[in-house]
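Colleague: What follows is target_29.cif, mmCIF, C-alpha atoms.
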```cif
data_entry
#
loop_
_atom_site.label_atom_id
_atom_site.label_comp_id
_atom_site.auth_asym_id
_atom_site.auth_seq_id
_atom_site.Cartn_x
_atom_site.Cartn_y
_atom_site.Cartn_z
CA MET A 229 -47.74 -34.24 -3.41
CA THR A 230 -50.06 -36.69 -1.70
CA MET A 231 -50.26 -40.26 -2.91
CA ARG A 232 -53.77 -41.66 -3.01
CA PRO A 233 -55.09 -45.25 -3.12
CA THR A 234 -55.83 -46.14 -6.73
CA THR A 235 -57.36 -49.02 -8.64
CA PRO A 236 -57.60 -49.86 -12.36
CA ARG A 237 -60.46 -48.20 -14.22
CA ALA A 238 -61.85 -47.86 -17.69
CA GLY A 239 -63.00 -44.98 -19.82
CA ALA A 240 -66.41 -42.81 -23.41
CA PRO A 241 -68.42 -40.92 -26.60
CA LEU A 242 -74.28 -38.97 -35.15
CA THR A 243 -78.28 -34.90 -37.39
CA ILE A 244 -74.95 -33.16 -38.40
CA LEU A 245 -73.96 -32.59 -34.77
CA ALA A 246 -74.83 -36.15 -33.93
CA VAL A 247 -72.07 -37.17 -36.32
CA ALA A 248 -69.91 -34.54 -34.67
CA ALA A 249 -70.77 -36.01 -31.28
CA LEU A 250 -68.43 -38.84 -32.07
CA VAL A 251 -65.51 -36.45 -32.00
CA PHE A 252 -66.93 -34.72 -28.94
CA GLY A 253 -66.69 -38.11 -27.28
CA GLY A 254 -64.24 -39.64 -24.88
CA CYS A 255 -62.42 -42.96 -24.63
CA ALA A 256 -61.60 -45.95 -22.47
CA GLY A 257 -59.10 -48.67 -21.70
CA HIS A 258 -58.43 -51.21 -24.46
CA ARG A 259 -58.06 -54.63 -22.98
CA ASP A 260 -59.52 -56.50 -20.04
CA ASP A 261 -56.51 -58.78 -19.48
CA ARG A 262 -53.96 -56.07 -18.80
CA LYS A 263 -51.67 -56.16 -15.81
CA GLU A 264 -53.33 -54.88 -12.66
CA ILE A 265 -52.13 -51.52 -11.38
CA PRO A 266 -50.81 -51.82 -7.84
CA ILE A 267 -52.55 -49.98 -5.03
CA VAL A 268 -50.54 -47.04 -3.81
CA ALA A 269 -50.91 -46.27 -0.12
CA ASP A 270 -51.19 -42.80 1.36
CA VAL A 271 -47.84 -41.28 2.24
CA PRO A 272 -46.90 -37.96 3.84
CA ASP A 273 -46.69 -34.93 1.62
CA ALA A 274 -43.54 -35.17 -0.51
CA GLY A 275 -43.06 -31.46 -1.10
CA PRO A 276 -43.89 -29.22 -4.04
CA PRO A 277 -45.37 -31.03 -7.06
CA ALA A 278 -42.51 -29.72 -9.22
CA LYS A 279 -40.26 -32.26 -7.50
CA ALA A 280 -42.20 -35.14 -9.00
CA THR A 281 -40.31 -37.09 -11.68
CA ALA A 282 -40.75 -40.34 -13.55
CA ASN A 283 -39.16 -43.46 -12.12
CA SER A 284 -36.28 -43.98 -14.58
CA SER A 285 -34.50 -46.69 -12.56
CA GLU A 286 -37.20 -49.27 -13.32
CA PRO A 287 -38.18 -48.99 -17.00
CA GLY A 288 -41.89 -49.29 -17.58
CA LYS A 289 -42.91 -49.03 -13.92
CA GLU A 290 -46.03 -46.97 -13.38
CA SER A 291 -46.44 -44.50 -10.53
CA LEU A 292 -49.95 -43.29 -9.69
CA PHE A 293 -50.39 -40.19 -7.56
CA THR A 294 -52.26 -36.90 -7.45
CA ILE A 295 -51.16 -33.30 -7.84
CA ASP A 296 -52.98 -30.02 -7.36
CA GLY A 297 -54.74 -28.83 -10.50
CA LYS A 298 -56.46 -25.46 -10.85
CA ALA A 299 -59.78 -26.86 -9.54
CA GLY A 300 -58.69 -29.74 -7.32
CA ARG A 301 -56.66 -32.92 -7.29
CA LEU A 302 -55.69 -34.54 -10.59
CA GLN A 303 -54.86 -38.24 -10.87
CA ILE A 304 -51.53 -38.81 -12.66
CA SER A 305 -49.95 -41.89 -14.24
CA ASP A 306 -46.21 -41.37 -14.76
CA GLY A 307 -43.45 -43.78 -15.73
CA GLY A 308 -40.62 -44.66 -18.08
CA ARG A 309 -37.15 -43.42 -18.88
CA GLU A 310 -36.12 -39.86 -19.48
CA GLY A 311 -36.18 -38.20 -22.89
CA THR A 312 -38.68 -35.75 -24.29
CA PRO A 313 -41.82 -36.92 -22.44
CA VAL A 314 -45.04 -37.86 -24.21
CA VAL A 315 -48.16 -36.59 -22.42
CA PHE A 316 -51.53 -38.17 -23.28
CA LEU A 317 -54.90 -36.41 -22.86
CA HIS A 318 -58.14 -38.39 -22.99
CA GLY A 319 -61.45 -37.26 -24.49
CA LEU A 320 -64.81 -36.43 -22.96
CA ALA A 321 -66.03 -38.87 -20.30
CA CYS A 322 -62.84 -40.91 -20.37
CA ASP A 323 -59.79 -41.48 -18.17
CA ILE A 324 -56.13 -42.50 -18.06
CA ASP A 325 -56.75 -46.07 -19.19
CA CYS A 326 -57.74 -45.11 -22.73
CA TRP A 327 -53.98 -44.86 -23.29
CA ARG A 328 -53.01 -48.09 -21.51
CA ALA A 329 -51.56 -49.75 -24.64
CA GLN A 330 -49.55 -46.64 -25.52
CA LEU A 331 -48.19 -46.18 -22.01
CA ASP A 332 -47.11 -49.81 -21.82
CA HIS A 333 -45.52 -49.58 -25.27
CA LEU A 334 -43.48 -46.43 -24.63
CA ARG A 335 -42.32 -46.76 -21.07
CA PRO A 336 -39.47 -49.24 -21.62
CA GLY A 337 -37.59 -46.40 -23.33
CA ARG A 338 -39.49 -43.11 -23.03
CA ARG A 339 -41.18 -41.20 -20.26
CA ALA A 340 -44.94 -41.30 -20.79
CA VAL A 341 -47.59 -39.48 -18.74
CA ALA A 342 -51.38 -39.58 -18.71
CA TYR A 343 -53.86 -37.99 -16.32
CA ASP A 344 -57.55 -37.81 -15.56
CA GLN A 345 -58.86 -34.38 -16.49
CA ARG A 346 -61.06 -32.53 -14.01
CA GLY A 347 -64.40 -34.25 -13.51
CA HIS A 348 -63.13 -37.48 -15.05
CA GLY A 349 -61.91 -40.77 -13.60
CA ALA A 350 -60.31 -40.34 -10.20
CA SER A 351 -59.71 -36.58 -10.49
CA ALA A 352 -61.69 -34.02 -8.52
CA ARG A 353 -64.92 -32.54 -9.83
CA ALA A 354 -64.86 -28.84 -10.59
CA PRO A 355 -67.22 -26.27 -9.03
CA GLU A 356 -70.02 -24.75 -11.09
CA GLY A 357 -68.57 -22.79 -14.00
CA GLY A 358 -65.34 -24.80 -13.90
CA TYR A 359 -65.72 -26.79 -17.12
CA SER A 360 -64.38 -25.35 -20.37
CA ILE A 361 -61.57 -25.92 -22.86
CA GLU A 362 -59.66 -23.04 -21.27
CA ALA A 363 -60.03 -24.60 -17.84
CA LEU A 364 -58.81 -27.98 -19.08
CA THR A 365 -55.82 -26.22 -20.63
CA ASP A 366 -55.09 -24.59 -17.27
CA ASP A 367 -54.93 -28.09 -15.78
CA LEU A 368 -52.53 -29.25 -18.50
CA GLU A 369 -50.27 -26.36 -17.54
CA ALA A 370 -50.49 -27.42 -13.89
CA VAL A 371 -49.62 -31.02 -14.74
CA LEU A 372 -46.55 -30.10 -16.78
CA GLU A 373 -45.38 -27.65 -14.15
CA GLY A 374 -46.05 -30.08 -11.32
CA LEU A 375 -44.08 -32.84 -13.03
CA GLY A 376 -41.21 -30.56 -13.94
CA ILE A 377 -41.74 -31.06 -17.67
CA GLY A 378 -40.47 -28.13 -19.68
CA ARG A 379 -41.13 -29.47 -23.18
CA ALA A 380 -43.20 -32.44 -24.34
CA PHE A 381 -44.99 -34.20 -27.14
CA LEU A 382 -48.73 -33.86 -26.56
CA VAL A 383 -51.21 -36.50 -27.74
CA GLY A 384 -54.91 -35.69 -27.48
CA HIS A 385 -58.00 -37.73 -28.33
CA SER A 386 -61.32 -36.27 -29.45
CA MET A 387 -62.25 -33.28 -27.25
CA SER A 388 -58.63 -32.86 -26.20
CA GLY A 389 -57.66 -31.77 -29.70
CA GLU A 390 -58.93 -28.36 -28.63
CA VAL A 391 -56.93 -28.51 -25.41
CA LEU A 392 -53.76 -29.28 -27.37
CA THR A 393 -54.42 -26.42 -29.77
CA THR A 394 -55.03 -23.97 -26.93
CA TYR A 395 -51.92 -25.00 -25.04
CA ALA A 396 -49.70 -24.85 -28.15
CA ALA A 397 -50.94 -21.32 -28.87
CA ARG A 398 -50.09 -20.26 -25.32
CA HIS A 399 -46.71 -22.01 -25.17
CA PRO A 400 -45.45 -22.89 -28.65
CA ASP A 401 -41.86 -23.15 -27.44
CA ARG A 402 -42.80 -25.85 -24.93
CA VAL A 403 -44.35 -28.21 -27.50
CA ALA A 404 -42.11 -30.75 -29.23
CA GLY A 405 -45.02 -31.92 -31.40
CA LEU A 406 -48.80 -32.36 -31.42
CA VAL A 407 -50.61 -35.62 -32.19
CA TYR A 408 -54.35 -35.36 -32.83
CA ALA A 409 -55.99 -38.76 -32.29
CA ASP A 410 -59.29 -38.56 -34.22
CA ALA A 411 -59.38 -35.22 -32.51
CA LEU A 412 -61.51 -32.15 -32.74
CA GLY A 413 -60.53 -29.05 -34.70
CA ASP A 414 -63.71 -26.98 -34.35
CA PHE A 415 -67.36 -26.92 -35.48
CA HIS A 416 -67.54 -23.66 -37.41
CA ALA A 417 -68.09 -25.43 -40.75
CA LEU A 418 -71.40 -26.79 -39.41
CA PRO A 419 -74.66 -24.82 -39.57
CA LYS A 420 -74.88 -22.80 -36.37
CA ALA A 421 -78.64 -23.30 -36.02
CA GLU A 422 -78.24 -27.07 -36.00
CA VAL A 423 -75.38 -26.91 -33.51
CA ASP A 424 -77.38 -24.64 -31.20
CA ALA A 425 -80.44 -26.91 -31.42
CA GLU A 426 -78.40 -29.97 -30.52
CA LEU A 427 -76.74 -28.24 -27.59
CA ALA A 428 -80.09 -27.04 -26.28
CA LYS A 429 -81.45 -30.59 -26.42
CA GLU A 430 -78.45 -31.91 -24.53
CA ASP A 431 -78.81 -29.25 -21.84
CA ALA A 432 -82.52 -29.96 -21.27
CA PRO A 433 -83.69 -31.74 -18.10
CA GLY A 434 -83.93 -35.47 -18.56
CA PHE A 435 -81.49 -35.72 -21.46
CA ASP A 436 -79.85 -39.16 -21.36
CA ALA A 437 -76.22 -38.52 -22.24
CA ARG A 438 -75.18 -42.09 -21.49
CA LYS A 439 -77.72 -43.44 -23.99
CA MET A 440 -76.40 -41.04 -26.60
CA PHE A 441 -72.85 -42.20 -25.98
CA ALA A 442 -73.91 -45.83 -26.37
CA SER A 443 -75.47 -45.04 -29.76
CA MET A 444 -72.25 -43.40 -30.93
CA ILE A 445 -70.12 -46.51 -30.51
CA SER A 446 -69.84 -47.98 -34.01
CA ASP A 447 -69.88 -51.67 -34.90
CA GLU A 448 -66.14 -51.40 -35.55
CA ALA A 449 -65.47 -51.05 -31.83
CA LYS A 450 -64.18 -54.09 -30.01
CA PRO A 451 -66.55 -55.41 -27.31
CA SER A 452 -63.98 -54.52 -24.65
CA THR A 453 -63.82 -50.97 -25.99
CA ARG A 454 -67.61 -50.59 -25.87
CA ASP A 455 -67.72 -51.92 -22.32
CA ARG A 456 -65.01 -49.62 -21.07
CA VAL A 457 -66.42 -46.55 -22.82
CA LEU A 458 -69.67 -46.95 -20.95
CA ARG A 459 -68.10 -47.87 -17.63
CA ALA A 460 -65.89 -44.79 -17.80
CA PHE A 461 -68.92 -42.64 -18.52
CA ASP A 462 -70.34 -43.78 -15.21
CA THR A 463 -67.40 -42.18 -13.35
CA PHE A 464 -67.71 -38.87 -15.23
CA ASP A 465 -69.22 -35.81 -13.52
CA PRO A 466 -72.66 -35.44 -15.22
CA LYS A 467 -72.56 -31.69 -14.54
CA ALA A 468 -69.52 -31.42 -16.85
CA PHE A 469 -71.29 -32.73 -19.94
CA ALA A 470 -73.31 -29.73 -21.14
CA PRO A 471 -70.75 -26.99 -20.34
CA LEU A 472 -67.91 -28.90 -21.99
CA ARG A 473 -70.01 -29.54 -25.10
CA LYS A 474 -70.89 -25.84 -25.28
CA SER A 475 -67.27 -24.84 -24.86
CA MET A 476 -66.21 -27.25 -27.61
CA ALA A 477 -68.87 -25.92 -29.97
CA ALA A 478 -67.79 -22.31 -29.40
CA PHE A 479 -64.10 -23.05 -29.93
CA SER A 480 -62.30 -21.45 -32.89
CA ALA A 481 -59.16 -23.35 -33.85
CA VAL A 482 -57.72 -21.46 -36.84
CA PRO A 483 -56.40 -18.35 -35.04
CA LEU A 484 -54.76 -20.54 -32.40
CA LEU A 485 -53.31 -23.02 -34.89
CA ALA A 486 -51.51 -20.12 -36.58
CA LYS A 487 -49.51 -19.51 -33.40
CA TYR A 488 -47.81 -22.90 -33.44
CA ASN A 489 -45.68 -23.86 -36.44
CA GLY A 490 -44.07 -27.02 -35.08
CA PRO A 491 -44.66 -30.66 -36.04
CA ARG A 492 -48.23 -31.93 -36.13
CA LEU A 493 -49.76 -35.29 -36.96
CA ALA A 494 -53.36 -36.44 -37.24
CA ILE A 495 -54.18 -40.12 -36.68
CA GLU A 496 -57.78 -40.66 -37.73
CA VAL A 497 -60.39 -43.25 -38.69
CA GLU A 498 -60.10 -44.35 -42.30
CA GLY A 499 -62.89 -43.27 -44.64
CA GLN A 500 -64.33 -40.38 -42.62
CA ASN A 501 -64.62 -36.95 -44.23
CA ASN A 502 -65.55 -34.68 -41.37
CA SER A 503 -64.98 -30.95 -41.48
CA PHE A 504 -64.75 -30.70 -37.70
CA VAL A 505 -61.79 -33.03 -37.08
CA LEU A 506 -58.33 -31.49 -37.04
CA SER A 507 -57.42 -32.53 -40.59
CA GLY A 508 -60.62 -30.89 -41.82
CA VAL A 509 -59.78 -27.60 -40.12
CA LEU A 510 -56.10 -27.69 -41.04
CA PRO A 511 -55.86 -29.06 -44.61
CA GLY A 512 -52.47 -30.47 -45.42
CA VAL A 513 -51.60 -31.60 -41.91
CA PRO A 514 -49.69 -34.90 -42.10
CA LYS A 515 -52.21 -37.66 -41.52
CA THR A 516 -52.39 -41.41 -41.20
CA THR A 517 -55.61 -43.39 -40.99
CA LEU A 518 -56.48 -46.71 -39.39
CA PRO A 519 -59.07 -49.03 -40.98
CA HIS A 520 -61.76 -51.04 -39.20
CA VAL A 521 -61.68 -49.02 -35.99
CA SER A 522 -64.16 -46.93 -34.07
CA HIS A 523 -63.59 -43.40 -32.78
CA TRP A 524 -61.57 -45.02 -29.99
CA LEU A 525 -58.92 -46.05 -32.50
CA MET A 526 -56.00 -46.24 -30.06
CA MET A 527 -57.78 -49.09 -28.28
CA ASP A 528 -59.29 -50.87 -31.27
CA ASP A 529 -55.92 -51.02 -33.05
CA PRO A 530 -53.19 -50.18 -30.54
CA ASP A 531 -50.41 -51.65 -32.68
CA GLY A 532 -51.43 -49.56 -35.68
CA PHE A 533 -51.70 -46.46 -33.54
CA ASN A 534 -48.28 -47.07 -32.03
CA ARG A 535 -46.72 -47.59 -35.48
CA ALA A 536 -48.03 -44.19 -36.51
CA LEU A 537 -46.91 -42.50 -33.29
CA ASP A 538 -43.40 -43.92 -32.94
CA PRO A 539 -41.61 -42.23 -35.88
CA PHE A 540 -43.24 -38.90 -35.09
CA ILE A 541 -41.83 -38.83 -31.57
CA GLY A 542 -38.53 -40.42 -32.61
CA TYR A 543 -39.16 -43.61 -30.66
CA VAL A 544 -37.39 -46.67 -32.07
CA HIS A 545 -37.16 -50.15 -30.51
CA ALA A 546 -37.60 -49.02 -26.90
CA ALA A 547 -34.72 -46.53 -27.15
CA HIS A 548 -35.48 -42.83 -26.95
CA THR A 549 -33.94 -40.14 -29.09
CA ASP A 550 -34.58 -36.43 -29.29
CA ASP A 551 -33.41 -36.18 -32.89
CA PRO A 552 -36.05 -34.51 -35.06
CA VAL A 553 -38.22 -36.70 -37.22
CA PRO A 554 -37.32 -36.35 -40.92
CA GLY A 555 -39.63 -33.79 -42.44
CA GLY A 556 -40.64 -32.45 -39.05
CA GLY A 557 -44.31 -32.88 -39.86
CA ALA A 558 -44.00 -31.02 -43.17
CA GLN A 559 -43.93 -33.88 -45.66
CA THR A 560 -45.28 -37.37 -46.25
CA ILE A 561 -43.20 -40.17 -44.77
CA ARG A 562 -43.85 -43.72 -45.96
CA PHE A 563 -43.05 -46.91 -44.10
CA ALA A 564 -42.23 -50.29 -45.60
CA LYS A 565 -44.80 -51.69 -43.17
CA GLY A 566 -47.63 -49.96 -41.39
CA PRO A 567 -49.38 -46.65 -42.15
CA SER A 568 -48.26 -43.69 -44.24
CA TRP A 569 -48.61 -40.00 -43.45
#
```
Let me see the file written as structure tokens.
Modeller:
Amino acid sequence: MTMRPTTPRAGAPLTILAVAALVFGGCAGHRDDRKEIPIVADVPDAGPPAKATANSSEPGKESLFTIDGKAGRLQISDGGREGTPVVFLHGLACDIDCWRAQLDHLRPGRRAVAYDQRGHGASARAPEGGYSIEALTDDLEAVLEGLGIGRAFLVGHSMSGEVLTTYAARHPDRVAGLVYADALGDFHALPKAEVDAELAKEDAPGFDARKMFASMISDEAKPSTRDRVLRAFDTFDPKAFAPLRKSMAAFSAVPLLAKYNGPRLAIEVEGQNNSFVLSGVLPGVPKTTLPHVSHWLMMDDPDGFNRALDPFIGYVHAAHTDDPVPGGGAQTIRFAKGPSW
């Protein structure tokens, strides 16, 4: 595993598919005043990626490094104590820092991992034909294998809802639980002609994807969220946009969801009624909603998001436990304070 110099970054994304574009979208870091990530110097190769582990001797310390994915180097953020790890996957045109508040929250007592998916942030760009939900799932497999993680909680935002679903269908025994953060189920409830027309427009020469992303950021977004969404988009491989959108639109979630019967939780924006988000595709999935947030809810209300996440993963007061959550994702659990699901 080769360590690479790294610096802090940020991360980005309504006709019927224009509404759906919000859930196609990505995400970005939440706050501008966060602690700077130290620069990590190049070091000699440390051996097979499977030897990589979180630094458990210094709770909360972040290690940044790269491992070999299926299409090139992937930038990894790893840190925290042992326990069933929590692995975070960003959305389209985003990067590691969309999860900054969650990583900082968990690492005093739980191992937490995030990474830049291919073509995003500091990870390598894929060759032509290398962008699809299946390909992103291949990289998730490489990350878990490279970090020696046999079983994990997976948290995916937006586009990465489909990556989580694909991985859980492939390896249901390796998933401790799935958390869908305003995440995509699929688009099959939408009129196919309208979906096809939107995709054709987005694939046409001269289409301004960045302008579209800017228009998708609702007034509920914090100014820092808006800024980071757009700055992250500027680090995203523009050649990944159209193929990933096409792959997302073609995705069929229901057959894959049937292969995983473990705990699931949807954390979504309050008041939306979209057939394409996970809770629309899988009625009855335990769900909590956050008010007054944009699609990038984990950054607009990190405390609310963390309150919803903690009981699901069995995380209490910076002390990890692998005991199952009561109900295991099969019933509604109510808190004296915070959200209900």
Colleague: Under the rule of at most 12 Å, produce a per-residue listing of range 314-399 of chain A near range 434-451 of chain A: chain, number, name, the closest pair of atoms, and the distance in Å, as JSON lines, using all atoms listed in the file.
Modeller:
```
{"residue": "A:Leu320", "atom": "CA", "partner": "A:Phe441", "partner_atom": "CA", "distance": 10.3}
{"residue": "A:Ala321", "atom": "CA", "partner": "A:Phe441", "partner_atom": "CA", "distance": 9.5}
{"residue": "A:Cys322", "atom": "CA", "partner": "A:Phe441", "partner_atom": "CA", "distance": 11.5}
```
Colleague: Run the PyMOL selection byres ((chain A and resi 529) around 10) against the file shown and list the residues it catches, as a ChimeraX atom specification.
Modeller: /A:258,329,449-450,518-522,524-528,530-534
Colleague: Between A:Val403, A:Ala460, A:Ile377, A:Ala425, which one has atoms that come closest to Ile324 in chain A, using all atoms listed in the file?
Modeller: A:Ala460
Colleague: Kindly resolve the PyMOL selection byres ((chain A and resi 394) around 10) on the present coordinates and return the residues as a CSV table (one decimal) with C-alpha atoms, keeping the file's coordinate frame.
Modeller:
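Done, and the output landed in result29.csv:
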```csv
chain,number,residue,atom,x,y,z
A,361,ILE,CA,-61.6,-25.9,-22.9
A,362,GLU,CA,-59.7,-23.0,-21.3
A,364,LEU,CA,-58.8,-28.0,-19.1
A,365,THR,CA,-55.8,-26.2,-20.6
A,366,ASP,CA,-55.1,-24.6,-17.3
A,388,SER,CA,-58.6,-32.9,-26.2
A,389,GLY,CA,-57.7,-31.8,-29.7
A,390,GLU,CA,-58.9,-28.4,-28.6
A,391,VAL,CA,-56.9,-28.5,-25.4
A,392,LEU,CA,-53.8,-29.3,-27.4
A,393,THR,CA,-54.4,-26.4,-29.8
A,395,TYR,CA,-51.9,-25.0,-25.0
A,396,ALA,CA,-49.7,-24.8,-28.2
A,397,ALA,CA,-50.9,-21.3,-28.9
A,398,ARG,CA,-50.1,-20.3,-25.3
A,399,HIS,CA,-46.7,-22.0,-25.2
A,400,PRO,CA,-45.4,-22.9,-28.6
A,479,PHE,CA,-64.1,-23.0,-29.9
A,480,SER,CA,-62.3,-21.4,-32.9
A,481,ALA,CA,-59.2,-23.4,-33.8
A,483,PRO,CA,-56.4,-18.4,-35.0
A,484,LEU,CA,-54.8,-20.5,-32.4
A,485,LEU,CA,-53.3,-23.0,-34.9
A,487,LYS,CA,-49.5,-19.5,-33.4
A,488,TYR,CA,-47.8,-22.9,-33.4
```
Colleague: Rounded to one decimal in Å, what is the spacing between CA of Cys326 in chain A and CA of Glu356 in chain A?
Modeller: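 Pair CA of Cys326 in chain A / CA of Glu356 in chain A returns 26.5 Å.
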Colleague: Enumerate, as a PDB file with C-alpha atoms, keeping the file's coordinate frame, the residues matched when the PyMOL selection byres ((chain A and resi 334) around 9) is run on the file above.
Modeller:
```
ATOM      1  CA  GLY A 288     -41.890 -49.290 -17.580  1.00  0.00           C
ATOM      2  CA  GLY A 308     -40.620 -44.660 -18.080  1.00  0.00           C
ATOM      3  CA  VAL A 314     -45.040 -37.860 -24.210  1.00  0.00           C
ATOM      4  CA  ALA A 329     -51.560 -49.750 -24.640  1.00  0.00           C
ATOM      5  CA  GLN A 330     -49.550 -46.640 -25.520  1.00  0.00           C
ATOM      6  CA  LEU A 331     -48.190 -46.180 -22.010  1.00  0.00           C
ATOM      7  CA  ASP A 332     -47.110 -49.810 -21.820  1.00  0.00           C
ATOM      8  CA  HIS A 333     -45.520 -49.580 -25.270  1.00  0.00           C
ATOM      9  CA  ARG A 335     -42.320 -46.760 -21.070  1.00  0.00           C
ATOM     10  CA  PRO A 336     -39.470 -49.240 -21.620  1.00  0.00           C
ATOM     11  CA  GLY A 337     -37.590 -46.400 -23.330  1.00  0.00           C
ATOM     12  CA  ARG A 338     -39.490 -43.110 -23.030  1.00  0.00           C
ATOM     13  CA  ARG A 339     -41.180 -41.200 -20.260  1.00  0.00           C
ATOM     14  CA  ALA A 340     -44.940 -41.300 -20.790  1.00  0.00           C
ATOM     15  CA  ASN A 534     -48.280 -47.070 -32.030  1.00  0.00           C
ATOM     16  CA  ASP A 538     -43.400 -43.920 -32.940  1.00  0.00           C
ATOM     17  CA  TYR A 543     -39.160 -43.610 -30.660  1.00  0.00           C
ATOM     18  CA  ALA A 546     -37.600 -49.020 -26.900  1.00  0.00           C
TER      19      ALA A 546
END
```
Colleague: May I ask which of the residues A:Ser360, A:Thr294, A:Gln500, A:Ser305 is the closest one to Phe469 in chain A, counting only C-alpha atoms?
Modeller: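 Of A:Ser360, A:Thr294, A:Gln500, A:Ser305, the one nearest Phe469 in chain A, counting only C-alpha atoms, is A:Ser360.
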Colleague: Please provide the set of residues having any atom within 6 Å of Gly405 in chain A, restricted to only C-alpha atoms, with same-chain residues fewer than 3 positions apart removed, written as a PDB file with C-alpha atoms, in the coordinates of the input.
Modeller:
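Final output, saved to part-v4.pdb:
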```pdb
ATOM      1  CA  PHE A 381     -44.990 -34.200 -27.140  1.00  0.00           C
ATOM      2  CA  PRO A 491     -44.660 -30.660 -36.040  1.00  0.00           C
ATOM      3  CA  ARG A 492     -48.230 -31.930 -36.130  1.00  0.00           C
TER       4      ARG A 492
END
```
Colleague: At what distance in Å, to one decimal, does CA of Gly413 in chain A lie from CA of Val505 in chain A?
Modeller: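 So the answer is 4.8 Å.
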Colleague: Please compute the CA of Pro419 in chain A-CA of Arg473 in chain A distance, one decimal, in Å.
Modeller: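 Spanning CA of Pro419 in chain A to CA of Arg473 in chain A is a straight-line distance of 15.9 Å.
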Colleague: Arg402 in chain A: which residues within 8 Å, counting only C-alpha atoms, same-chain residues fewer than 6 positions away excluded, as an NGL selection string?
Modeller: :A and (378-380 or 396)
Colleague: Which residue out of A:Leu427, A:Ala477, A:Ala354, A:Leu406 has the minimum interatomic distance to Pro514 in chain A when all atoms listed in the file are used?
Modeller: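 Closest residue, counting all atoms listed in the file: A:Leu406.
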Colleague: Which residue, A:Gly300, A:Pro471, A:Pro313, A:Gly376, has the smallest gap to Ala350 in chain A when you use only C-alpha atoms?
Modeller: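 Result for the nearest residue to Ala350 in chain A: A:Gly300.
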Colleague: To test the calculation: enclose all listed atoms of range 388-399 of chain A in a box whose edges run along x, y and z, add 4 Å on each side, then state centre and edge lengths in Å to one decimal, as lines of an AutoDock Vina configuration file.
Modeller:
```
center_x = -52.8
center_y = -26.6
center_z = -27.4
size_x = 20.2
size_y = 20.6
size_z = 12.7
```
Colleague: Could you tell me which of A:Gly347, A:Gly542, A:Gly374, A:Gly311 comes closest to Asp465 in chain A if we count only C-alpha atoms?
Modeller: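 Ranked by minimum distance to Asp465 in chain A, first place goes to A:Gly347.
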Colleague: In terms of the shortest atom-to-atom distance over all atoms listed in the file, which of A:Gly349, A:Gly319, A:Gly297, A:Pro539 is closest to Thr463 in chain A?
Modeller: A:Gly349
